[in-house]
Every structure is written in structure tokens, then in C-alpha cells.
$ cat my_file-v7.cif   # mmCIF, C-alpha atoms (C1' of nucleotides)
data_model
#
loop_
_atom_site.label_atom_id
_atom_site.label_comp_id
_atom_site.auth_asym_id
_atom_site.auth_seq_id
_atom_site.Cartn_x
_atom_site.Cartn_y
_atom_site.Cartn_z
CA MET A 1 -84.69 -8.14 -103.66
CA GLU A 2 -86.58 -5.25 -102.06
CA LYS A 3 -90.14 -5.59 -100.87
CA ASP A 4 -92.69 -3.38 -102.53
CA SER A 5 -93.83 -0.28 -100.74
CA ARG A 6 -97.22 -1.73 -99.90
CA SER A 7 -95.75 -4.61 -97.88
CA ARG A 8 -93.21 -2.32 -96.29
CA LEU A 9 -96.00 -0.10 -95.06
CA LEU A 10 -98.02 -3.01 -93.70
CA GLU A 11 -95.07 -4.42 -91.82
CA ALA A 12 -94.04 -1.10 -90.39
CA ALA A 13 -97.60 -0.38 -89.31
CA ILE A 14 -98.09 -3.57 -87.28
CA PRO A 15 -95.85 -2.68 -84.33
CA LEU A 16 -96.61 1.04 -84.50
CA PHE A 17 -100.38 0.76 -84.30
CA ALA A 18 -100.10 -2.04 -81.76
CA GLU A 19 -97.96 -0.05 -79.38
CA LYS A 20 -99.43 3.40 -79.70
CA GLY A 21 -102.94 2.96 -81.00
CA PHE A 22 -104.48 4.33 -84.16
CA SER A 23 -104.67 8.01 -83.26
CA ALA A 24 -101.23 8.31 -81.77
CA VAL A 25 -99.45 7.25 -84.95
CA SER A 26 -99.03 9.72 -87.80
CA ILE A 27 -98.76 8.85 -91.44
CA ARG A 28 -95.37 10.58 -91.49
CA GLU A 29 -94.15 8.23 -88.76
CA LEU A 30 -95.52 5.23 -90.61
CA ALA A 31 -93.96 6.30 -93.87
CA GLU A 32 -90.61 7.04 -92.31
CA LYS A 33 -90.41 3.68 -90.55
CA ALA A 34 -91.37 1.93 -93.76
CA GLY A 35 -88.88 3.98 -95.73
CA VAL A 36 -91.47 5.18 -98.24
CA ASN A 37 -93.24 8.40 -99.04
CA SER A 38 -96.24 9.23 -96.91
CA ALA A 39 -98.41 9.86 -99.94
CA LEU A 40 -98.23 6.16 -100.70
CA ILE A 41 -100.45 5.40 -97.74
CA SER A 42 -103.34 7.06 -99.48
CA TYR A 43 -102.31 5.53 -102.77
CA HIS A 44 -102.22 1.94 -101.53
CA PHE A 45 -104.78 1.93 -98.75
CA GLY A 46 -106.94 4.97 -99.36
CA GLY A 47 -105.68 6.64 -96.20
CA LYS A 48 -104.44 5.95 -92.73
CA GLU A 49 -107.64 4.23 -91.69
CA GLY A 50 -107.46 1.89 -94.65
CA LEU A 51 -103.97 0.88 -93.61
CA TYR A 52 -105.16 0.21 -90.08
CA ASN A 53 -108.00 -1.93 -91.35
CA ALA A 54 -105.62 -3.91 -93.51
CA VAL A 55 -103.41 -4.59 -90.51
CA LEU A 56 -106.37 -5.61 -88.38
CA ASP A 57 -107.72 -7.92 -91.01
CA PHE A 58 -104.40 -9.68 -91.41
CA GLN A 59 -103.81 -10.02 -87.68
CA PHE A 60 -107.23 -11.41 -86.82
CA SER A 61 -107.34 -13.94 -89.59
CA ARG A 62 -104.65 -15.86 -87.72
CA ILE A 63 -107.06 -16.71 -84.95
CA THR A 64 -109.59 -18.42 -87.14
CA ILE A 65 -106.89 -20.22 -89.08
CA ALA A 66 -105.30 -21.59 -85.93
CA ILE A 67 -108.60 -22.69 -84.43
CA SER A 68 -109.75 -24.44 -87.55
CA LYS A 69 -106.77 -26.78 -87.41
CA ILE A 70 -107.79 -28.38 -84.13
CA GLN A 71 -110.20 -31.23 -84.78
CA GLY A 72 -111.44 -34.47 -83.34
CA LEU A 73 -109.82 -34.63 -79.92
CA SER A 74 -111.34 -35.11 -76.49
CA PRO A 75 -112.47 -31.92 -74.72
CA ILE A 76 -109.49 -32.07 -72.37
CA GLU A 77 -107.04 -32.52 -75.21
CA ARG A 78 -108.67 -29.77 -77.22
CA ILE A 79 -108.19 -27.39 -74.33
CA ARG A 80 -104.55 -28.39 -73.93
CA HIS A 81 -104.14 -27.88 -77.64
CA TYR A 82 -105.68 -24.44 -77.41
CA GLY A 83 -103.07 -23.49 -74.82
CA LYS A 84 -100.17 -24.73 -76.93
CA ASN A 85 -101.61 -22.89 -79.88
CA ALA A 86 -101.78 -19.65 -77.93
CA VAL A 87 -98.06 -19.86 -77.24
CA LEU A 88 -97.31 -20.47 -80.89
CA ILE A 89 -99.51 -17.68 -82.16
CA HIS A 90 -98.02 -15.29 -79.71
CA GLN A 91 -94.54 -16.17 -80.88
CA GLN A 92 -95.44 -15.78 -84.52
CA CYS A 93 -97.64 -12.71 -84.10
CA PRO A 94 -96.24 -10.84 -81.12
CA TYR A 95 -98.60 -7.93 -81.66
CA LEU A 96 -101.82 -9.82 -82.14
CA MET A 97 -102.79 -9.69 -78.49
CA ARG A 98 -102.58 -5.92 -78.44
CA TYR A 99 -105.02 -5.72 -81.29
CA ILE A 100 -107.38 -8.23 -79.72
CA GLN A 101 -107.28 -6.33 -76.49
CA ARG A 102 -107.80 -2.96 -78.14
CA GLU A 103 -110.62 -4.14 -80.33
CA MET A 104 -112.32 -5.86 -77.44
CA SER A 105 -112.58 -2.81 -75.27
CA ASN A 106 -112.64 -0.32 -78.10
CA PRO A 107 -113.99 -1.75 -81.33
CA SER A 108 -113.14 0.18 -84.49
CA ILE A 109 -116.36 1.36 -86.02
CA GLY A 110 -117.12 -0.41 -89.25
CA LEU A 111 -114.91 -3.34 -88.36
CA GLU A 112 -116.80 -4.86 -85.44
CA THR A 113 -118.26 -7.36 -87.83
CA VAL A 114 -114.96 -8.73 -89.05
CA VAL A 115 -113.29 -8.71 -85.67
CA ARG A 116 -116.30 -10.15 -83.95
CA ARG A 117 -116.44 -13.03 -86.40
CA HIS A 118 -112.87 -14.08 -85.67
CA ILE A 119 -113.28 -13.76 -81.94
CA ALA A 120 -116.58 -15.58 -82.11
CA SER A 121 -114.94 -18.53 -83.80
CA ALA A 122 -112.49 -18.89 -80.94
CA TYR A 123 -115.29 -18.48 -78.42
CA GLN A 124 -117.36 -21.15 -80.13
CA PHE A 125 -114.45 -23.56 -80.21
CA LEU A 126 -113.97 -23.35 -76.46
CA HIS A 127 -117.67 -23.39 -75.78
CA ASP A 128 -118.09 -26.62 -77.72
CA ALA A 129 -115.22 -28.28 -75.91
CA ILE A 130 -116.56 -27.32 -72.51
CA THR A 131 -120.17 -28.24 -73.24
CA GLU A 132 -119.06 -31.59 -74.55
CA GLY A 133 -116.91 -32.14 -71.48
CA ILE A 134 -119.85 -31.46 -69.22
CA GLU A 135 -122.18 -33.72 -71.15
CA SER A 136 -119.71 -36.59 -71.17
CA GLY A 137 -119.34 -36.29 -67.41
CA ALA A 138 -115.67 -35.40 -67.61
CA PHE A 139 -116.31 -31.89 -66.30
CA ARG A 140 -118.35 -30.83 -63.31
CA ALA A 141 -122.05 -30.63 -64.06
CA ASP A 142 -122.56 -27.40 -62.13
CA LEU A 143 -120.37 -25.41 -64.52
CA ASP A 144 -121.90 -22.64 -66.55
CA PRO A 145 -120.28 -23.13 -69.96
CA ASP A 146 -120.54 -19.48 -71.00
CA TYR A 147 -118.66 -18.37 -67.93
CA ALA A 148 -116.26 -21.29 -68.06
CA VAL A 149 -115.17 -20.19 -71.53
CA LEU A 150 -114.25 -16.79 -70.20
CA SER A 151 -112.34 -18.30 -67.32
CA LEU A 152 -110.28 -20.39 -69.68
CA ALA A 153 -109.70 -17.55 -72.11
CA GLY A 154 -108.72 -15.36 -69.18
CA ILE A 155 -106.27 -17.72 -67.55
CA ILE A 156 -104.48 -18.10 -70.89
CA ASN A 157 -104.73 -14.68 -72.50
CA PHE A 158 -104.33 -12.31 -69.60
CA TYR A 159 -100.75 -13.49 -69.28
CA PHE A 160 -99.97 -12.33 -72.79
CA ILE A 161 -101.87 -9.09 -72.41
CA THR A 162 -99.92 -8.08 -69.35
CA GLN A 163 -96.50 -9.23 -70.44
CA PRO A 164 -95.12 -5.79 -71.22
CA LEU A 165 -95.62 -4.69 -67.63
CA VAL A 166 -95.40 -8.00 -65.81
CA ASN A 167 -91.87 -8.68 -66.97
CA ALA A 168 -90.99 -5.92 -64.54
CA PHE A 169 -92.20 -8.01 -61.60
CA LEU A 170 -91.05 -11.45 -62.53
CA PRO A 171 -87.48 -12.58 -61.94
CA PRO A 172 -85.67 -12.01 -65.25
CA ALA A 173 -85.20 -15.68 -66.00
CA LYS A 174 -88.92 -16.38 -65.66
CA LYS A 175 -90.05 -15.86 -69.15
CA SER A 176 -91.23 -19.19 -70.44
CA ASP A 177 -94.59 -18.69 -72.05
CA GLN A 178 -94.85 -22.40 -72.53
CA VAL A 179 -94.28 -23.23 -68.89
CA TYR A 180 -96.80 -20.62 -67.82
CA VAL A 181 -99.50 -21.88 -70.14
CA MET A 182 -98.92 -25.50 -69.20
CA GLN A 183 -99.38 -24.75 -65.52
CA ALA A 184 -102.37 -22.50 -66.19
CA VAL A 185 -104.14 -25.11 -68.29
CA GLU A 186 -103.59 -27.73 -65.64
CA ILE A 187 -104.95 -25.45 -62.92
CA TYR A 188 -107.99 -24.88 -65.07
CA LEU A 189 -108.53 -28.51 -65.96
CA ASN A 190 -108.06 -29.56 -62.34
CA GLY A 191 -110.64 -26.96 -61.45
CA VAL A 192 -113.29 -28.06 -63.90
CA ILE A 193 -112.86 -31.82 -63.89
CA GLY A 194 -115.52 -33.67 -61.92
CA LYS A 195 -114.36 -34.89 -58.54
CA MET B 5 -125.17 23.46 -56.03
CA GLU B 6 -122.97 23.18 -59.09
CA LYS B 7 -119.66 21.38 -59.06
CA ASP B 8 -116.60 23.43 -59.78
CA SER B 9 -115.06 23.28 -63.21
CA ARG B 10 -112.10 21.26 -62.06
CA SER B 11 -114.26 18.37 -60.87
CA ARG B 12 -116.46 18.62 -63.92
CA LEU B 13 -113.43 18.21 -66.14
CA LEU B 14 -112.13 15.25 -64.18
CA GLU B 15 -115.46 13.46 -64.29
CA ALA B 16 -115.97 14.12 -67.97
CA ALA B 17 -112.46 12.94 -68.75
CA ILE B 18 -112.76 9.53 -67.07
CA PRO B 19 -115.06 7.88 -69.61
CA LEU B 20 -113.63 9.77 -72.57
CA PHE B 21 -110.00 8.80 -72.04
CA ALA B 22 -111.04 5.29 -71.02
CA GLU B 23 -112.99 4.66 -74.19
CA LYS B 24 -110.89 6.41 -76.78
CA GLY B 25 -107.42 6.66 -75.34
CA PHE B 26 -105.37 9.77 -74.68
CA SER B 27 -104.56 10.79 -78.23
CA ALA B 28 -108.03 10.30 -79.65
CA VAL B 29 -109.64 12.79 -77.28
CA SER B 30 -109.30 16.51 -77.93
CA ILE B 31 -109.38 19.21 -75.30
CA ARG B 32 -112.35 20.73 -77.08
CA GLU B 33 -114.27 17.47 -76.70
CA LEU B 34 -113.34 17.24 -73.05
CA ALA B 35 -114.38 20.82 -72.37
CA GLU B 36 -117.66 20.46 -74.19
CA LYS B 37 -118.63 17.31 -72.32
CA ALA B 38 -117.72 18.95 -69.03
CA GLY B 39 -119.60 22.07 -69.98
CA VAL B 40 -116.63 24.34 -69.38
CA ASN B 41 -114.21 26.35 -71.47
CA SER B 42 -111.31 24.44 -72.99
CA ALA B 43 -108.80 26.96 -71.67
CA LEU B 44 -109.57 25.74 -68.17
CA ILE B 45 -107.82 22.47 -68.87
CA SER B 46 -104.51 24.28 -69.02
CA TYR B 47 -105.51 26.46 -66.10
CA HIS B 48 -106.39 23.61 -63.75
CA PHE B 49 -104.13 20.81 -64.93
CA GLY B 50 -101.39 22.48 -66.92
CA GLY B 51 -102.59 20.88 -70.14
CA LYS B 52 -104.28 17.81 -71.54
CA GLU B 53 -101.56 15.52 -70.29
CA GLY B 54 -101.90 16.86 -66.78
CA LEU B 55 -105.60 16.08 -66.86
CA TYR B 56 -104.89 12.55 -68.03
CA ASN B 57 -102.38 12.04 -65.25
CA ALA B 58 -104.87 13.30 -62.69
CA VAL B 59 -107.44 10.80 -63.94
CA LEU B 60 -104.93 7.97 -63.89
CA ASP B 61 -103.75 8.80 -60.41
CA PHE B 62 -107.29 8.83 -59.07
CA GLN B 63 -108.29 5.62 -60.79
CA PHE B 64 -105.27 3.60 -59.71
CA SER B 65 -105.34 4.66 -56.11
CA ARG B 66 -108.51 2.59 -55.74
CA ILE B 67 -106.56 -0.61 -56.22
CA THR B 68 -104.17 -0.05 -53.38
CA ILE B 69 -106.94 1.18 -51.11
CA ALA B 70 -109.07 -1.91 -51.75
CA ILE B 71 -106.18 -4.30 -51.28
CA SER B 72 -105.04 -2.72 -48.05
CA LYS B 73 -108.39 -3.49 -46.43
CA ILE B 74 -107.99 -7.25 -46.70
CA GLN B 75 -106.07 -8.55 -43.73
CA GLY B 76 -105.59 -11.64 -41.61
CA LEU B 77 -107.55 -14.31 -43.41
CA SER B 78 -106.51 -17.72 -44.64
CA PRO B 79 -105.02 -17.83 -48.16
CA ILE B 80 -108.18 -19.35 -49.55
CA GLU B 81 -110.39 -16.75 -47.95
CA ARG B 82 -108.11 -13.95 -49.06
CA ILE B 83 -108.43 -15.12 -52.63
CA ARG B 84 -112.22 -15.33 -52.35
CA HIS B 85 -112.17 -11.85 -50.90
CA TYR B 86 -110.07 -10.59 -53.76
CA GLY B 87 -112.70 -11.85 -56.17
CA LYS B 88 -115.55 -10.16 -54.33
CA ASN B 89 -113.52 -7.00 -54.20
CA ALA B 90 -112.95 -7.06 -57.93
CA VAL B 91 -116.71 -7.08 -58.51
CA LEU B 92 -117.18 -4.15 -56.13
CA ILE B 93 -114.39 -2.08 -57.62
CA HIS B 94 -115.66 -2.68 -61.08
CA GLN B 95 -119.13 -1.52 -60.08
CA GLN B 96 -117.80 1.59 -58.43
CA CYS B 97 -115.16 2.37 -61.05
CA PRO B 98 -116.49 1.01 -64.31
CA TYR B 99 -113.60 2.49 -66.26
CA LEU B 100 -110.73 1.39 -64.08
CA MET B 101 -110.13 -1.81 -65.99
CA ARG B 102 -109.67 0.07 -69.25
CA TYR B 103 -106.95 2.15 -67.67
CA ILE B 104 -105.26 -0.86 -66.13
CA GLN B 105 -105.35 -2.61 -69.43
CA ARG B 106 -104.07 0.39 -71.36
CA GLU B 107 -101.29 1.14 -68.92
CA MET B 108 -100.23 -2.47 -68.81
CA SER B 109 -99.66 -2.85 -72.49
CA ASN B 110 -98.88 0.78 -73.14
CA PRO B 111 -97.47 2.56 -70.11
CA SER B 112 -97.64 6.36 -70.16
CA ILE B 113 -94.11 7.65 -70.04
CA GLY B 114 -93.35 9.36 -66.76
CA LEU B 115 -96.14 7.56 -64.98
CA GLU B 116 -94.88 4.00 -65.02
CA THR B 117 -93.65 4.52 -61.51
CA VAL B 118 -97.00 5.46 -60.04
CA VAL B 119 -98.97 2.92 -62.00
CA ARG B 120 -96.46 0.21 -61.36
CA ARG B 121 -96.60 0.82 -57.63
CA HIS B 122 -100.34 0.30 -57.49
CA ILE B 123 -100.27 -2.78 -59.67
CA ALA B 124 -97.33 -4.12 -57.71
CA SER B 125 -99.30 -3.88 -54.48
CA ALA B 126 -102.05 -6.05 -55.92
CA TYR B 127 -99.49 -8.46 -57.31
CA GLN B 128 -97.75 -8.70 -53.96
CA PHE B 129 -101.02 -9.35 -52.17
CA LEU B 130 -101.84 -12.32 -54.34
CA HIS B 131 -98.28 -13.58 -54.30
CA ASP B 132 -98.25 -13.62 -50.52
CA ALA B 133 -101.55 -15.47 -50.34
CA ILE B 134 -100.40 -18.12 -52.79
CA THR B 135 -96.97 -18.61 -51.27
CA GLU B 136 -98.52 -18.98 -47.86
CA GLY B 137 -101.03 -21.46 -49.22
CA ILE B 138 -98.27 -23.57 -50.69
CA GLU B 139 -96.19 -23.48 -47.53
CA SER B 140 -99.11 -24.48 -45.34
CA GLY B 141 -99.81 -27.42 -47.59
CA ALA B 142 -103.23 -26.14 -48.62
CA PHE B 143 -102.10 -25.62 -52.20
CA ARG B 144 -100.22 -27.98 -54.45
CA ALA B 145 -96.49 -27.93 -53.86
CA ASP B 146 -95.60 -28.04 -57.55
CA LEU B 147 -97.14 -24.61 -58.21
CA ASP B 148 -94.95 -21.78 -59.33
CA PRO B 149 -96.28 -18.85 -57.30
CA ASP B 150 -95.27 -16.17 -59.83
CA TYR B 151 -97.22 -17.88 -62.55
CA ALA B 152 -100.08 -18.82 -60.25
CA VAL B 153 -100.59 -15.13 -59.48
CA LEU B 154 -101.02 -14.38 -63.14
CA SER B 155 -103.46 -17.24 -63.57
CA LEU B 156 -105.60 -15.92 -60.76
CA ALA B 157 -105.43 -12.34 -61.97
CA GLY B 158 -106.29 -13.54 -65.45
CA ILE B 159 -109.26 -15.67 -64.54
CA ILE B 160 -110.76 -12.72 -62.66
CA ASN B 161 -109.75 -9.69 -64.69
CA PHE B 162 -110.01 -10.88 -68.26
CA TYR B 163 -113.74 -11.11 -67.78
CA PHE B 164 -113.95 -7.41 -67.02
CA ILE B 165 -111.55 -6.46 -69.78
CA THR B 166 -113.60 -8.20 -72.40
CA GLN B 167 -117.04 -7.23 -71.19
CA PRO B 168 -117.69 -4.60 -73.85
CA LEU B 169 -117.36 -7.18 -76.59
CA VAL B 170 -118.36 -10.33 -74.77
CA ASN B 171 -121.82 -9.05 -73.97
CA ALA B 172 -122.42 -9.57 -77.66
CA PHE B 173 -121.90 -13.33 -77.30
CA LEU B 174 -123.58 -14.06 -74.02
CA PRO B 175 -127.33 -14.50 -73.74
CA PRO B 176 -128.66 -11.09 -72.70
CA ALA B 177 -129.70 -12.19 -69.23
CA LYS B 178 -126.22 -13.51 -68.43
CA LYS B 179 -124.63 -10.51 -66.94
CA SER B 180 -123.97 -11.28 -63.32
CA ASP B 181 -120.43 -10.27 -62.55
CA GLN B 182 -120.78 -11.76 -59.13
CA VAL B 183 -121.85 -15.16 -60.39
CA TYR B 184 -119.02 -15.20 -62.91
CA VAL B 185 -116.37 -14.35 -60.35
CA MET B 186 -117.68 -16.86 -57.83
CA GLN B 187 -117.47 -19.67 -60.36
CA ALA B 188 -114.09 -18.52 -61.60
CA VAL B 189 -112.60 -18.36 -58.13
CA GLU B 190 -113.88 -21.83 -57.33
CA ILE B 191 -112.41 -23.23 -60.54
CA TYR B 192 -109.11 -21.68 -59.61
CA LEU B 193 -109.16 -22.84 -56.00
CA ASN B 194 -110.17 -26.33 -57.06
CA GLY B 195 -107.26 -26.24 -59.46
CA VAL B 196 -104.60 -25.20 -57.00
CA ILE B 197 -105.71 -27.00 -53.86
CA GLY B 198 -103.62 -30.07 -53.08
CA LYS B 199 -105.35 -33.34 -53.84
"C1'" DG C 18 -95.70 3.82 -108.62
"C1'" DT C 19 -93.42 7.33 -106.48
"C1'" DC C 20 -92.28 11.86 -105.60
"C1'" DT C 21 -92.88 17.22 -104.21
"C1'" DA C 22 -95.64 20.67 -102.88
"C1'" DT C 23 -99.52 22.28 -100.91
"C1'" DA C 24 -104.42 22.71 -99.41
"C1'" DT C 25 -107.14 22.35 -95.44
"C1'" DT C 26 -108.39 21.18 -91.14
"C1'" DG C 27 -107.94 20.49 -86.39
"C1'" DC C 28 -104.89 20.32 -82.65
"C1'" DG C 29 -102.97 22.15 -77.80
"C1'" DA C 30 -101.67 26.18 -75.55
"C1'" DT C 31 -101.84 30.96 -74.10
"C1'" DA C 32 -102.40 36.16 -73.83
"C1'" DG C 33 -105.36 39.28 -72.13
"C1'" DA C 34 -110.05 41.18 -71.09
"C1'" DC C 35 -113.37 40.63 -67.55
"C1'" DG D 6 -111.75 31.63 -62.27
"C1'" DT D 7 -113.56 31.99 -66.58
"C1'" DC D 8 -114.02 33.68 -71.07
"C1'" DT D 9 -112.71 35.07 -76.24
"C1'" DA D 10 -109.59 35.19 -79.69
"C1'" DT D 11 -105.77 33.63 -81.80
"C1'" DC D 12 -101.09 31.79 -82.54
"C1'" DG D 13 -98.21 28.25 -84.22
"C1'" DC D 14 -97.94 23.74 -85.42
"C1'" DA D 15 -98.80 19.13 -87.06
"C1'" DA D 16 -102.24 16.39 -88.86
"C1'" DT D 17 -104.29 13.88 -93.32
"C1'" DA D 18 -105.13 14.04 -97.88
"C1'" DT D 19 -104.43 15.21 -102.69
"C1'" DA D 20 -103.09 17.45 -107.17
"C1'" DG D 21 -99.86 17.07 -110.47
"C1'" DA D 22 -95.00 16.41 -112.16
"C1'" DC D 23 -92.07 12.60 -113.27
#
$ encode --input "my_file-v7.cif" --output "C-alpha cells"
Amino acid sequence: MEKDSRSRLLEAAIPLFAEKGFSAVSIRELAEKAGVNSALISYHFGGKEGLYNAVLDFQFSRITIAISKIQGLSPIERIRHYGKNAVLIHQQCPYLMRYIQREMSNPSIGLETVVRRHIASAYQFLHDAITEGIESGAFRADLDPDYAVLSLAGIINFYFITQPLVNAFLPPAKKSDQVYVMQAVEIYLNGVIGK
Amino acid sequence: MEKDSRSRLLEAAIPLFAEKGFSAVSIRELAEKAGVNSALISYHFGGKEGLYNAVLDFQFSRITIAISKIQGLSPIERIRHYGKNAVLIHQQCPYLMRYIQREMSNPSIGLETVVRRHIASAYQFLHDAITEGIESGAFRADLDPDYAVLSLAGIINFYFITQPLVNAFLPPAKKSDQVYVMQAVEIYLNGVIGK
DNA sequence: GTCTATATTGCGATAGAC
DNA sequence: GTCTATCGCAATATAGAC
């Protein structure tokens, strides 16, 4: 059974917008890849921008959903869990990181609110874990939690951001996201745990 | 004394392309911001794409230049130096990181070679430092150097990538790049140094 | 809901005067 | 080197038939 044209458009749009950015993709290209008529973009989404917003909304909701599932572990275990989760999300939503990256450095006007809310929920999750770790004495007391959040987010996420190019440097076999994230999380935890 | 139109175009183009991306900027917008006639873009650079390439070339050359100045220190000191350098480069070239980011996830066709060469030189620099640190016994022997490079690059660079959005989360006073990078480098070094 | 056909706008590039 | 004027094209959006 065929998908309806609305879903076809959404699914075709995800990789196109992710790889080329909003302006570089034309509605003709979107329609062709989806196998539907370009007029349907206006019909279903009110225009190209509406389609982009729909994609963005769908992509970012995954972050908050994933975060909300992690509950009631020690700070260290929550951080390990966050790493494992990042690998999973990246496998399931291979284009999410492009959108995060693009919206971080280049927020779509009128959508900052939505995007910011999802990102903020991830930020808050890490901030809580780190603050709690410091207070319990597990982590070094001289850490600045705000900065420590960014260090953790960076050591995990930069890897996924740069994958398109970095695969050119790494030996071909070296492509285990899971192995990377495990090592990265351990470097980080080793670095923040009190001596 | 007025700058010539070529320089004016280049300087106007740097923030515009960085913030909006190649496709979202029109030659009319570029010319207006530079205060010159739009026909001069074709005259000086052979077209909009030529102007973009000129910007990219200029921006990326900074990486290789900065890296080439660090010589003959211990692995640990080289890594600390890399961090300090990142702060300096970011101050001097506030748009460089946007271009790195954009070219990493979205390489301009025909320029991968140039871009890749500059990025590769930074990658090689860190890889050498880490490999040497492992061999000398300063760093943990179970580290994978390829991955450890990405962890270091991530913990430093992600901060700069996300600054436009992250400033919305951080308390307003918290904006010291230098303090961030110092803490981040120490977390990393603590994490990789052999116990 | 989906199509064709088209209106309208803005794009990048260039010819040619100065 | 710099300008004006314009060409040709591709963009998004929409009106209206089916």
C-alpha cells in the first residue's frame, strides 16, 4: 500500500534539507524525489517553509523523547546512558545532527522557540547530572557545571557532526560509533571524577 | 583612504556567507553590504561562486598557519597550546568555525581538496601529539589515537560551534572562551593521562 | 487530493557606455 | 574599474480543471 503524498514529501525532504540546507533545495527537487506534484507542497504544508518547519519539528522531538526516558540513575550512569543514547538516536535519525548543527549556528526565524526548548531539555539533563555529581563528591569540586556540560556535549556530538568528512581520514574499518562514544565517555568521566 | 572594491566584497562576504550559507545570499545583498556594484562580483571573482571560494580559501589557510607555529613541545604542552590557539583563532576569525562546520558536513564540490588539506593538517598535528603521548607512556595505552583526536577536537570546537545558541542558556556573564577551553583541556588531559 | 498552466518575483551573469 | 540596463532562467506560489 502506497504512502500518502504528505508522508512522501516529509520523508523526501529530510535528507534533502539536511544535506543542502533550506535555500539550496527547490520545491521541484523535493516534489520529484517524493514522486508527487510540486503544488502539493503548498497544499499540504502551506509552502516550502512550512514543509521545512514540519521536518524540523519532527526531528527535534526525538531529543526530548530520548532524554525523558533516562531516570533515576547515578550521575555517572546517566552520563554513560546519554552516550549510548546518542549512538542510538544517530542510527535511527541519521540526519538529526545536521539539523541540530544548522539550527545552532543559524536558527530559523520563528522556530527558535521550539528548537531551543528541545535543546534546552538536553542541556538541563546533563547539567543536573553534573551538578549532582559535584555535590555528591563524585566529581571534582572545581568544575564549572555550565562549561562541563558543553565539554561533554562536545566530546560526544562533534564526532557525529564531522562524520561526513572525518570518514575520509580514518582507516575504512574504523567506523564504530559505539566504540568511539564508549572511549569518549570514559575519557570524560576520568577527567571529571575527583582524584 | 578607501579600500578597493575587491577587498570590500571579500570582507562583506565573510559574515554573510557564514551566517546564511552560500545559496541564501544573493549577489545584490553582497554588493549592497560592500557598497559596490553587483557586477563587480563577476568582474573580480568570476561570479558568486568564485567569491565564496575566495572567502573559504582565506578562512581555512588560518588553520594551517596556526598549526605550523607549534613545534617541539611535549605532547601535553602541545595539546594545551592547541587549546590556547583555538581561542586566539576564534577571536581573530569569528566566522571560521561556521565555515569549518559547514564544509565538514556539507563540502563544497570542487573544494573538498583544499578544505580537506587544511583540516587534515590539524588532524595530523593532534594525532602525532597523542600517538607520541601514548608511546612515551604519558597517556593511557588503551587509547585509540584516531578516536582520541576526535574527542579532543570535539571538546574544544563544539563550544565554538554552538556559541550562537548556547549564549542563550549560560548566565550572561559566563562568556570566557579562555576559561572554558582551559577547563576542557584539563578534563581531557586528566582523562587520557595514564593512572 | 492531485494535476496543469501560469503569474510573479528574484536570481546570476553580462554587454556596453563611461 | 565601475556603472546601468537588461537578458534569460529558475524560483515559489496559486488559480482552476478534474
$ interface_residues --input "my_file-v7.cif" --of "chain B" --to "chain C" --cutoff "9 Å" --atoms "all atoms listed in the file" --output "list in words"
Ser30, Ile31, Ala43, Ser46, Gly51 and Lys52 of chain B
$ closest_residue --input "my_file-v7.cif" --among "B:Arg32, B:Lys179, B:Lys88, B:Arg10" --to "DT7 in chain D" --atoms "all atoms listed in the file"
B:Arg10
$ resolve_selection --input "my_file-v7.cif" --expression "the PyMOL selection byres ((chain A) within 9 of (chain B))" --output "number ranges by chain"
A: 19-24, 98, 101-107, 116, 120, 123, 143-144, 146-148, 150-159, 161-166, 168-171, 174, 179-181, 183-184, 186-192
$ closest_atom_pairs --input "my_file-v7.cif" --of "chain B" --to "chain D" --cutoff "12 Å" --atoms "all atoms listed in the file" --output "Markdown table"
| residue | atom | partner | partner_atom | distance |
| --- | --- | --- | --- | --- |
| B:Asp8 | CA | D:DG6 | C1' | 9.8 |
| B:Ser9 | CA | D:DG6 | C1' | 9.0 |
| B:Arg10 | CA | D:DG6 | C1' | 10.4 |
| B:Val40 | CA | D:DT7 | C1' | 8.7 |
| B:Asn41 | CA | D:DC8 | C1' | 7.3 |
| B:Ser42 | CA | D:DC8 | C1' | 9.8 |
| B:Ala43 | CA | D:DC8 | C1' | 8.5 |
| B:Leu44 | CA | D:DT7 | C1' | 7.6 |
| B:Ile45 | CA | D:DT7 | C1' | 11.3 |
| B:Tyr47 | CA | D:DG6 | C1' | 9.0 |
| B:His48 | CA | D:DG6 | C1' | 9.8 |
$ resolve_selection --input "my_file-v7.cif" --expression "the PyMOL selection byres ((chain B and resi 71) around 12)" --output "list in words"
Phe64, Ser65, Arg66, Ile67, Thr68, Ile69, Ala70, Ser72, Lys73, Ile74, Gln75, Arg82, Ile83, His85, Tyr86, Gly87, Lys88, Asn89, Ala90, Ile93, His122, Ile123, Ala124, Ser125, Ala126, Tyr127, Gln128, Phe129 and Leu130 of chain B
$ write_last_selection --input "my_file-v7.cif" --atoms "C-alpha atoms" --output "mmCIF file, keeping the file's coordinate frame"
data_model
loop_
_atom_site.group_PDB
_atom_site.id
_atom_site.type_symbol
_atom_site.label_atom_id
_atom_site.label_comp_id
_atom_site.auth_asym_id
_atom_site.auth_seq_id
_atom_site.Cartn_x
_atom_site.Cartn_y
_atom_site.Cartn_z
ATOM 1 C CA PHE B 64 -105.270 3.600 -59.710
ATOM 2 C CA SER B 65 -105.340 4.660 -56.110
ATOM 3 C CA ARG B 66 -108.510 2.590 -55.740
ATOM 4 C CA ILE B 67 -106.560 -0.610 -56.220
ATOM 5 C CA THR B 68 -104.170 -0.050 -53.380
ATOM 6 C CA ILE B 69 -106.940 1.180 -51.110
ATOM 7 C CA ALA B 70 -109.070 -1.910 -51.750
ATOM 8 C CA SER B 72 -105.040 -2.720 -48.050
ATOM 9 C CA LYS B 73 -108.390 -3.490 -46.430
ATOM 10 C CA ILE B 74 -107.990 -7.250 -46.700
ATOM 11 C CA GLN B 75 -106.070 -8.550 -43.730
ATOM 12 C CA ARG B 82 -108.110 -13.950 -49.060
ATOM 13 C CA ILE B 83 -108.430 -15.120 -52.630
ATOM 14 C CA HIS B 85 -112.170 -11.850 -50.900
ATOM 15 C CA TYR B 86 -110.070 -10.590 -53.760
ATOM 16 C CA GLY B 87 -112.700 -11.850 -56.170
ATOM 17 C CA LYS B 88 -115.550 -10.160 -54.330
ATOM 18 C CA ASN B 89 -113.520 -7.000 -54.200
ATOM 19 C CA ALA B 90 -112.950 -7.060 -57.930
ATOM 20 C CA ILE B 93 -114.390 -2.080 -57.620
ATOM 21 C CA HIS B 122 -100.340 0.300 -57.490
ATOM 22 C CA ILE B 123 -100.270 -2.780 -59.670
ATOM 23 C CA ALA B 124 -97.330 -4.120 -57.710
ATOM 24 C CA SER B 125 -99.300 -3.880 -54.480
ATOM 25 C CA ALA B 126 -102.050 -6.050 -55.920
ATOM 26 C CA TYR B 127 -99.490 -8.460 -57.310
ATOM 27 C CA GLN B 128 -97.750 -8.700 -53.960
ATOM 28 C CA PHE B 129 -101.020 -9.350 -52.170
ATOM 29 C CA LEU B 130 -101.840 -12.320 -54.340
#
$ atom_distance --input "my_file-v7.cif" --atom1 "CA of Gly110 in chain A" --atom2 "CA of Val55 in chain A"
14.4 Å
$ atom_distance --input "my_file-v7.cif" --atom1 "CA of Leu14 in chain B" --atom2 "CA of Ile113 in chain B"
20.4 Å
$ atom_distance --input "my_file-v7.cif" --atom1 "CA of Pro149 in chain B" --atom2 "CA of Arg80 in chain A"
20.9 Å
